[in-house]
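Student: Contents are mmCIF, C-alpha atoms and all ligand atoms; file name final-v8.cif:
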```cif
data_protein
loop_
_atom_site.label_atom_id
_atom_site.label_comp_id
_atom_site.auth_asym_id
_atom_site.auth_seq_id
_atom_site.Cartn_x
_atom_site.Cartn_y
_atom_site.Cartn_z
CA MET A 1 -79.68 -94.61 52.12
CA LYS A 2 -80.60 -90.96 51.58
CA LYS A 3 -78.74 -89.44 48.68
CA LYS A 4 -76.86 -86.26 49.47
CA ILE A 5 -76.23 -83.51 46.95
CA ILE A 6 -72.51 -83.04 46.41
CA TYR A 7 -72.41 -80.53 43.57
CA GLU A 8 -74.83 -78.57 41.41
CA GLY A 9 -73.64 -77.46 37.99
CA LYS A 10 -75.44 -75.59 35.23
CA ALA A 11 -77.02 -78.63 33.57
CA LYS A 12 -76.45 -81.43 36.09
CA LYS A 13 -76.48 -82.28 39.77
CA ILE A 14 -74.21 -84.81 41.41
CA PHE A 15 -75.42 -86.88 44.40
CA SER A 16 -73.69 -89.39 46.64
CA SER A 17 -74.70 -93.03 46.19
CA ALA A 18 -74.70 -96.16 48.34
CA LYS A 19 -71.11 -96.95 47.29
CA PRO A 20 -68.21 -94.65 48.20
CA ASN A 21 -66.58 -94.94 44.76
CA GLU A 22 -69.79 -94.20 42.86
CA LEU A 23 -71.98 -91.13 42.37
CA ILE A 24 -75.38 -90.33 40.86
CA GLN A 25 -75.41 -87.91 37.93
CA HIS A 26 -78.77 -86.13 37.54
CA PHE A 27 -79.60 -84.35 34.26
CA LYS A 28 -81.58 -81.08 34.57
CA ASP A 29 -83.66 -79.31 31.91
CA ASP A 30 -81.77 -76.05 32.55
CA ALA A 31 -80.00 -74.65 29.53
CA THR A 32 -77.31 -72.00 29.87
CA ALA A 33 -74.98 -70.37 27.40
CA PHE A 34 -72.08 -67.92 27.46
CA ASN A 35 -71.15 -68.94 30.99
CA ASN A 36 -74.62 -68.55 32.48
CA LYS A 37 -75.40 -65.17 30.88
CA LYS A 38 -78.29 -66.72 28.90
CA LYS A 39 -80.60 -69.08 30.76
CA SER A 40 -83.75 -71.04 30.05
CA ILE A 41 -85.46 -74.37 30.55
CA ILE A 42 -85.87 -76.84 27.69
CA PRO A 43 -88.52 -79.32 28.90
CA GLY A 44 -87.29 -82.91 28.65
CA LYS A 45 -83.70 -82.00 27.70
CA GLY A 46 -82.33 -83.72 30.81
CA ILE A 47 -84.16 -86.96 30.02
CA ILE A 48 -82.93 -86.96 26.43
CA ASN A 49 -79.32 -86.21 27.40
CA ASN A 50 -79.41 -88.98 30.02
CA PHE A 51 -80.48 -91.50 27.36
CA ILE A 52 -78.13 -90.24 24.62
CA SER A 53 -75.14 -90.19 26.97
CA GLU A 54 -76.00 -93.71 28.19
CA LEU A 55 -75.98 -95.01 24.61
CA LEU A 56 -72.75 -93.30 23.53
CA MET A 57 -70.81 -94.09 26.73
CA THR A 58 -71.93 -97.75 26.48
CA LYS A 59 -70.68 -97.93 22.89
CA LEU A 60 -67.35 -96.39 23.97
CA SER A 61 -67.01 -99.05 26.71
CA GLU A 62 -67.51 -101.71 24.03
CA LEU A 63 -64.49 -100.19 22.26
CA ASN A 64 -62.50 -100.31 25.50
CA ILE A 65 -62.54 -96.55 25.93
CA PRO A 66 -62.74 -96.14 29.72
CA ASN A 67 -65.56 -93.86 30.88
CA HIS A 68 -67.39 -93.10 34.10
CA PHE A 69 -70.81 -94.45 33.05
CA ILE A 70 -72.02 -97.48 35.03
CA LYS A 71 -75.82 -97.70 34.73
CA ARG A 72 -78.88 -95.55 34.04
CA ILE A 73 -81.23 -95.83 37.03
CA ASN A 74 -84.20 -93.72 35.96
CA MET A 75 -85.28 -91.13 33.39
CA ARG A 76 -82.92 -88.44 34.65
CA GLU A 77 -80.20 -90.24 36.58
CA GLN A 78 -77.28 -92.56 36.04
CA ILE A 79 -74.67 -94.12 38.32
CA ILE A 80 -71.13 -93.07 37.50
CA TYR A 81 -67.66 -93.72 38.90
CA LYS A 82 -66.35 -91.08 41.26
CA LEU A 83 -63.29 -89.55 39.58
CA ASP A 84 -60.69 -86.99 40.41
CA ILE A 85 -61.69 -84.52 37.68
CA ILE A 86 -58.91 -82.91 35.63
CA PRO A 87 -59.75 -79.17 35.31
CA ILE A 88 -59.46 -79.11 31.52
CA GLU A 89 -62.11 -78.98 28.79
CA VAL A 90 -60.90 -80.76 25.65
CA VAL A 91 -62.54 -79.54 22.46
CA ILE A 92 -62.15 -81.55 19.25
CA ARG A 93 -63.09 -79.78 16.04
CA ASN A 94 -63.68 -81.37 12.62
CA VAL A 95 -65.36 -78.34 11.01
CA SER A 96 -65.00 -74.66 11.96
CA SER A 97 -67.84 -73.26 14.07
CA GLY A 98 -68.35 -71.41 17.36
CA SER A 99 -65.49 -69.75 19.21
CA ILE A 100 -62.77 -70.63 16.67
CA VAL A 101 -64.64 -68.72 13.96
CA LYS A 102 -64.67 -65.55 16.08
CA ARG A 103 -61.18 -66.01 17.51
CA LEU A 104 -59.39 -66.60 14.21
CA GLY A 105 -61.73 -64.83 11.80
CA ILE A 106 -62.39 -67.86 9.63
CA ASP A 107 -65.61 -68.82 7.88
CA GLU A 108 -68.02 -71.19 9.56
CA GLY A 109 -68.31 -74.63 7.96
CA LYS A 110 -64.72 -75.08 6.78
CA VAL A 111 -63.69 -78.75 6.98
CA LEU A 112 -60.40 -78.78 8.87
CA SER A 113 -57.43 -80.60 7.34
CA LYS A 114 -57.33 -82.87 10.41
CA PRO A 115 -59.17 -82.96 13.76
CA LEU A 116 -58.06 -80.01 15.85
CA VAL A 117 -57.61 -80.51 19.61
CA GLU A 118 -57.94 -77.45 21.85
CA PHE A 119 -57.75 -77.10 25.62
CA PHE A 120 -59.66 -74.73 27.89
CA TYR A 121 -59.03 -74.22 31.60
CA LYS A 122 -62.22 -75.17 33.49
CA LYS A 123 -62.74 -72.05 35.57
CA ASP A 124 -66.11 -70.26 35.36
CA GLU A 125 -64.76 -67.10 37.05
CA LEU A 126 -62.32 -66.73 34.14
CA ASP A 127 -64.82 -67.78 31.43
CA ASP A 128 -62.87 -71.01 30.69
CA PRO A 129 -59.87 -69.47 28.87
CA LEU A 130 -58.09 -71.18 25.96
CA ILE A 131 -54.78 -72.71 27.09
CA SER A 132 -51.99 -74.75 25.52
CA ASP A 133 -50.49 -78.10 26.53
CA GLU A 134 -47.61 -76.11 28.04
CA HIS A 135 -50.00 -74.50 30.55
CA ILE A 136 -51.38 -77.91 31.51
CA LEU A 137 -47.90 -79.30 32.19
CA ASN A 138 -46.47 -76.14 33.74
CA PHE A 139 -49.28 -75.76 36.27
CA GLY A 140 -49.43 -79.51 36.93
CA TRP A 141 -53.06 -79.97 35.88
CA ALA A 142 -52.01 -83.22 34.19
CA THR A 143 -48.74 -85.07 33.64
CA GLU A 144 -47.19 -85.58 30.23
CA HIS A 145 -48.32 -89.20 30.22
CA GLU A 146 -51.87 -88.25 31.25
CA LEU A 147 -52.03 -85.59 28.55
CA GLU A 148 -50.89 -88.06 25.90
CA GLU A 149 -53.60 -90.45 27.04
CA ILE A 150 -56.23 -87.67 27.00
CA ILE A 151 -55.34 -86.71 23.43
CA SER A 152 -55.22 -90.30 22.22
CA LEU A 153 -58.61 -91.11 23.82
CA SER A 154 -60.13 -87.88 22.47
CA LEU A 155 -59.11 -88.73 18.90
CA ARG A 156 -60.42 -92.30 19.22
CA ILE A 157 -63.70 -90.94 20.57
CA ASN A 158 -63.85 -88.50 17.65
CA ASP A 159 -63.35 -91.31 15.12
CA PHE A 160 -66.06 -93.41 16.69
CA LEU A 161 -68.57 -90.59 17.18
CA SER A 162 -68.02 -89.16 13.67
CA GLY A 163 -68.85 -92.52 12.12
CA TYR A 164 -71.73 -93.24 14.45
CA PHE A 165 -73.38 -89.88 13.79
CA MET A 166 -72.70 -90.23 10.06
CA SER A 167 -74.81 -93.40 10.13
CA ILE A 168 -77.82 -91.33 11.25
CA ASN A 169 -77.13 -88.57 8.69
CA VAL A 170 -75.55 -86.19 11.16
CA ARG A 171 -72.19 -84.39 10.87
CA LEU A 172 -70.13 -84.16 14.05
CA ILE A 173 -68.78 -80.61 13.79
CA ASP A 174 -67.09 -80.40 17.20
CA PHE A 175 -67.54 -81.47 20.82
CA LYS A 176 -66.20 -81.01 24.33
CA LEU A 177 -64.88 -83.72 26.64
CA GLU A 178 -63.82 -83.86 30.27
CA PHE A 179 -61.60 -86.47 31.87
CA GLY A 180 -60.78 -87.71 35.37
CA ARG A 181 -58.49 -90.11 37.17
CA MET A 182 -59.48 -93.36 38.87
CA TRP A 183 -57.41 -95.95 40.71
CA LYS A 184 -58.18 -99.54 39.68
CA ASN A 185 -56.10 -102.41 41.13
CA ASP A 186 -53.17 -100.09 41.89
CA GLU A 187 -53.29 -98.65 38.38
CA LEU A 188 -54.19 -95.06 37.58
CA ILE A 189 -56.70 -94.91 34.74
CA ILE A 190 -57.69 -91.84 32.74
CA MET A 191 -61.42 -92.00 32.17
CA LEU A 192 -63.88 -89.97 30.14
CA ALA A 193 -66.30 -88.12 32.45
CA ASP A 194 -69.29 -85.74 32.11
CA GLU A 195 -71.70 -86.47 29.22
CA ILE A 196 -71.90 -86.71 25.45
CA SER A 197 -75.07 -85.05 24.19
CA PRO A 198 -76.34 -82.19 22.02
CA ASP A 199 -75.37 -79.91 24.96
CA ASN A 200 -71.67 -80.43 24.31
CA CYS A 201 -71.55 -81.47 20.64
CA ARG A 202 -72.29 -79.49 17.48
CA LEU A 203 -74.39 -81.71 15.24
CA TRP A 204 -75.59 -80.70 11.76
CA ASP A 205 -77.96 -82.58 9.49
CA THR A 206 -75.88 -84.06 6.65
CA ASN A 207 -78.23 -83.03 3.87
CA THR A 208 -79.34 -79.58 5.01
CA ASN A 209 -76.68 -78.52 7.58
CA LYS A 210 -79.57 -77.74 9.96
CA LYS A 211 -78.19 -77.31 13.48
CA LEU A 212 -79.46 -80.08 15.77
CA ASP A 213 -77.78 -79.08 19.04
CA LYS A 214 -77.59 -76.44 21.75
CA ASP A 215 -76.59 -73.76 19.21
CA ARG A 216 -80.35 -73.42 18.44
CA PHE A 217 -80.70 -72.10 22.01
CA ARG A 218 -77.34 -70.25 22.16
CA HIS A 219 -78.10 -68.22 19.04
CA ASN A 220 -81.92 -67.98 19.19
CA LEU A 221 -82.44 -70.11 16.08
CA GLY A 222 -85.94 -71.15 17.21
CA ASP A 223 -87.27 -74.61 18.15
CA GLU A 224 -84.64 -75.01 20.89
CA ASP A 225 -85.85 -78.51 21.65
CA VAL A 226 -85.92 -79.98 18.12
CA GLY A 227 -82.22 -80.79 17.97
CA TYR A 228 -82.30 -82.82 21.18
CA LYS A 229 -85.45 -84.70 20.08
CA GLU A 230 -84.28 -85.29 16.52
CA ILE A 231 -80.93 -86.72 17.69
CA ALA A 232 -82.63 -88.96 20.29
CA PHE A 233 -85.17 -90.25 17.75
CA ARG A 234 -82.54 -90.86 15.05
CA LEU A 235 -80.30 -92.69 17.55
CA GLY A 236 -83.32 -94.73 18.58
CA VAL A 237 -82.89 -94.13 22.31
CA LEU A 238 -86.45 -92.83 22.80
CA SER A 239 -89.39 -92.83 20.43
CA GLU A 240 -91.47 -89.68 20.08
CA LYS A 241 -94.39 -91.49 21.73
CA GLU A 242 -92.31 -92.68 24.68
CA PHE A 243 -90.82 -89.25 25.15
CA LYS A 244 -94.25 -87.55 25.28
CA LYS A 245 -95.48 -90.16 27.75
CA VAL A 246 -92.44 -89.70 29.97
CA LEU A 247 -92.78 -85.90 29.94
CA LYS A 248 -96.48 -86.12 30.95
CA ASN A 249 -96.07 -88.66 33.74
CA GLU A 250 -92.78 -87.50 35.04
CA ILE A 251 -91.95 -88.53 38.55
P1 LIG B 1 -66.86 -73.34 21.32
O1 LIG B 1 -66.85 -73.27 19.81
O2 LIG B 1 -67.83 -72.39 21.94
O3 LIG B 1 -65.48 -73.24 21.89
O4 LIG B 1 -67.40 -74.80 21.69
C1 LIG B 1 -66.79 -75.95 21.20
C2 LIG B 1 -67.61 -77.18 21.60
O5 LIG B 1 -67.64 -77.33 22.99
C3 LIG B 1 -69.08 -77.10 21.17
O6 LIG B 1 -69.49 -78.37 20.72
C4 LIG B 1 -69.82 -76.73 22.42
C5 LIG B 1 -68.97 -77.30 23.52
N1 LIG B 1 -68.96 -76.49 24.72
C6 LIG B 1 -69.36 -77.03 25.92
O7 LIG B 1 -69.76 -78.20 25.99
N2 LIG B 1 -69.32 -76.25 27.03
C7 LIG B 1 -68.87 -74.98 27.02
O8 LIG B 1 -68.86 -74.33 28.08
C8 LIG B 1 -68.45 -74.42 25.77
C9 LIG B 1 -67.96 -73.01 25.70
C10 LIG B 1 -68.51 -75.20 24.66
#
```
When written as structure tokens, how does the structure in this file appear?
Tutor:
Amino acid sequence: MKKKIIYEGKAKKIFSSAKPNELIQHFKDDATAFNNKKKSIIPGKGIINNFISELLMTKLSELNIPNHFIKRINMREQIIYKLDIIPIEVVIRNVSSGSIVKRLGIDEGKVLSKPLVEFFYKKDELDDPLISDEHILNFGWATEHELEEIISLSLRINDFLSGYFMSINVRLIDFKLEFGRMWKNDELIIMLADEISPDNCRLWDTNTNKKLDKDRFRHNLGDEDVGYKEIAFRLGVLSEKEFKKVLKNEI
């Protein structure tokens, strides 16, 4: 069966698959920031994110946290469940950095008294504005029950990821999640969608606070690719040798 492109985003493409309830998620090397105002290519980023997301989503499944990941099929692609995507970006912050620093005039690097959950409306034309739970309920983007589930899953994911990254000497500063709905045996399930990778997490080295994520690209910190590679190598999803080989012989 020929795969048909369904959607092209800034960092990923979505294709149809052989099964109607499944899709193929393809990771590109394109890097964008500030809603597409800054653009570049980071060679191999898509491969690394595909592998990192595979590992983290698989671990979440082992903890019974429902997510759309089914199977990685090649270096850049994975099969995922087709979901009805909820148009909300959920950001969980453990330490102040990024937009909250600017918005509230606080110092970067402040450990928050507890994980902070923020919501943004997923709408590129409006630059994904910050919203409250009241907006989500008022405009019917999710029900009260769905929102409760989203928050509870987000906090469980934060607990797991914080510990997992700590074990490789990395601090999870903040990250962004997206969720969708799927019907399974007459039951509506809220599932984690998208990806978990250095594109949508802030990750700092525990000892030096060196930024090992997309902020290197966003803020011209140099060596845009080192964060992605360092996280992949520390997680053990790809060795440096394998990665170089893959990049050279890419299909
Ligand atoms: P922010 O500090 O810019 O609001 O970002 C918070 C977290 O969300 C950070 O880990 C980066 C991630 N993020 C995305 O994945 N996509 C986006 O479009 C934005 C703005 C942030």
Student: Write as a PyMOL selection string the residues around ligand LIG 1 (chain B), taking 9 Å as the cut-off and counting all atoms listed in the file.
Tutor: chain A and resi 32-35+89-93+96-102+118+120+122+124+127-128+130+172-177+196-203+213-215
Student: Smallest atom-to-atom distance to Asp159 of chain A: which of A:Ile85, A:Pro115, A:Ser40, A:Lys13, using all atoms listed in the file?
Tutor: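 Looking at the shortest contact to Asp159 of chain A, the residue is A:Pro115.
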Student: May I ask which of the residues A:Lys2, A:Ile79, A:Lys10, A:Asp84 is the closest one to Lys38 of chain A, counting all atoms listed in the file?
Tutor: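 Residue with the minimum atom-to-atom distance to Lys38 of chain A: A:Lys10.
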Student: Can you work out the spacing between atom CA of Asn67 of chain A and atom CA of Asn49 of chain A in Å, to one decimal?
Tutor: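 For atom CA of Asn67 of chain A relative to atom CA of Asn49 of chain A, the distance reads 16.1 Å.
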Student: Given 3 Å on each side, where is the centre and what are the edge lengths in Å to one decimal of the axis-aligned box enclosing the listed atoms of segment 78-81 of chain A, as AutoDock Vina command-line options?
Tutor:
```
--center_x -72.5 --center_y -93.3 --center_z 37.5 --size_x 15.6 --size_y 7.6 --size_z 8.9
```
Student: Residues at most 10 Å from Asn207 of chain A, counting only C-alpha atoms, excluding those fewer than 4 positions away in the same chain, as an MDAnalysis selection string?
Tutor: chainID A and resid 169:171
Student: Quick one: write out the picked residues with C-alpha atoms as an mmCIF file, in the frame of the given file?
Tutor:
```
data_model
loop_
_atom_site.group_PDB
_atom_site.id
_atom_site.type_symbol
_atom_site.label_atom_id
_atom_site.label_comp_id
_atom_site.auth_asym_id
_atom_site.auth_seq_id
_atom_site.Cartn_x
_atom_site.Cartn_y
_atom_site.Cartn_z
ATOM 1 C CA ASN A 169 -77.130 -88.570 8.690
ATOM 2 C CA VAL A 170 -75.550 -86.190 11.160
ATOM 3 C CA ARG A 171 -72.190 -84.390 10.870
#
```
Student: List the neighbours of segment 180-192 of chain A out to 8 Å using only C-alpha atoms; skip same-chain residues closer than 6 positions along the sequence, and give me the result as a list in words.
Tutor: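 Counting only the stated atoms, we get Ile65, Pro66, Asn67, His68, Lys82, Leu83, Asp84, Ile85, Ile86, Glu146, Glu149 and Ile150 of chain A.
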Student: Those residues with C-alpha atoms, as a CSV table (one decimal), in the frame of the given file please?
Tutor:
```csv
chain,number,residue,atom,x,y,z
A,65,ILE,CA,-62.5,-96.6,25.9
A,66,PRO,CA,-62.7,-96.1,29.7
A,67,ASN,CA,-65.6,-93.9,30.9
A,68,HIS,CA,-67.4,-93.1,34.1
A,82,LYS,CA,-66.4,-91.1,41.3
A,83,LEU,CA,-63.3,-89.6,39.6
A,84,ASP,CA,-60.7,-87.0,40.4
A,85,ILE,CA,-61.7,-84.5,37.7
A,86,ILE,CA,-58.9,-82.9,35.6
A,146,GLU,CA,-51.9,-88.2,31.2
A,149,GLU,CA,-53.6,-90.4,27.0
A,150,ILE,CA,-56.2,-87.7,27.0
```
Student: Which one of A:Ser61, A:Asn21, A:Asp225, A:Ile5 sits closest to Ile157 of chain A if you count only C-alpha atoms?
Tutor: A:Ser61
Student: In Å, rounded to a single decimal, give me how far atom CA of Ala193 of chain A is from atom CA of Phe69 of chain A.
Tutor: 7.8 Å
Student: Looking at all atoms listed in the file, which of A:Ile48, A:Ala31, A:Asn36, A:Leu137 is the one that sits closest to Glu125 of chain A?
Tutor: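 Of A:Ile48, A:Ala31, A:Asn36, A:Leu137, the one nearest Glu125 of chain A is A:Asn36, counting all atoms listed in the file.
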Student: Do a neighbour search on Glu148 of chain A at 12 Å with all atoms listed in the file, toss out local chain neighbours closer than 3 positions, and write the hits as a list in words.
Tutor: Val117, Asp133, Ile136, Leu137, Ala142, Thr143, Glu144, His145, Ile151, Ser152, Leu153, Ser154, Leu155 and Ile190 of chain A
Student: With distances taken over only C-alpha atoms, which of A:Ile42, A:Ser17, A:Gly9, A:Phe119 is nearest to Asp223 of chain A?
Tutor: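 Of A:Ile42, A:Ser17, A:Gly9, A:Phe119, the one nearest Asp223 of chain A, counting only C-alpha atoms, is A:Ile42.
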Student: Find the residues around Arg72 of chain A up to 9 Å (only C-alpha atoms counted), leave out those fewer than 4 positions away in its own chain, and share them as a list of chain:residue names.
Tutor: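 Once the adjacent positions are removed, what remains is A:Asn50, A:Phe51, A:Glu54, A:Arg76, A:Glu77, A:Gln78, A:Ile79, A:Ile80.
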Student: Would you mind listing what lies within 9 Å of Gly46 of chain A as a PyMOL selection string, with all atoms listed in the file counted and same-chain residues fewer than 6 positions away left out?
Tutor: chain A and resi 11-12+26-30+75-77
Student: Kindly indicate which residue among A:Glu22, A:Glu178, A:Asp205, A:Glu134 lies nearest to Ile70 of chain A, using only C-alpha atoms for the distances.
Tutor: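 Between A:Glu22, A:Glu178, A:Asp205, A:Glu134, the residue approaching Ile70 of chain A most closely is A:Glu22.
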Student: In Å, with one decimal, what is the gap from atom CA of Tyr228 of chain A to atom CA of Leu212 of chain A?
Tutor: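 These two atoms are separated by 6.7 Å.
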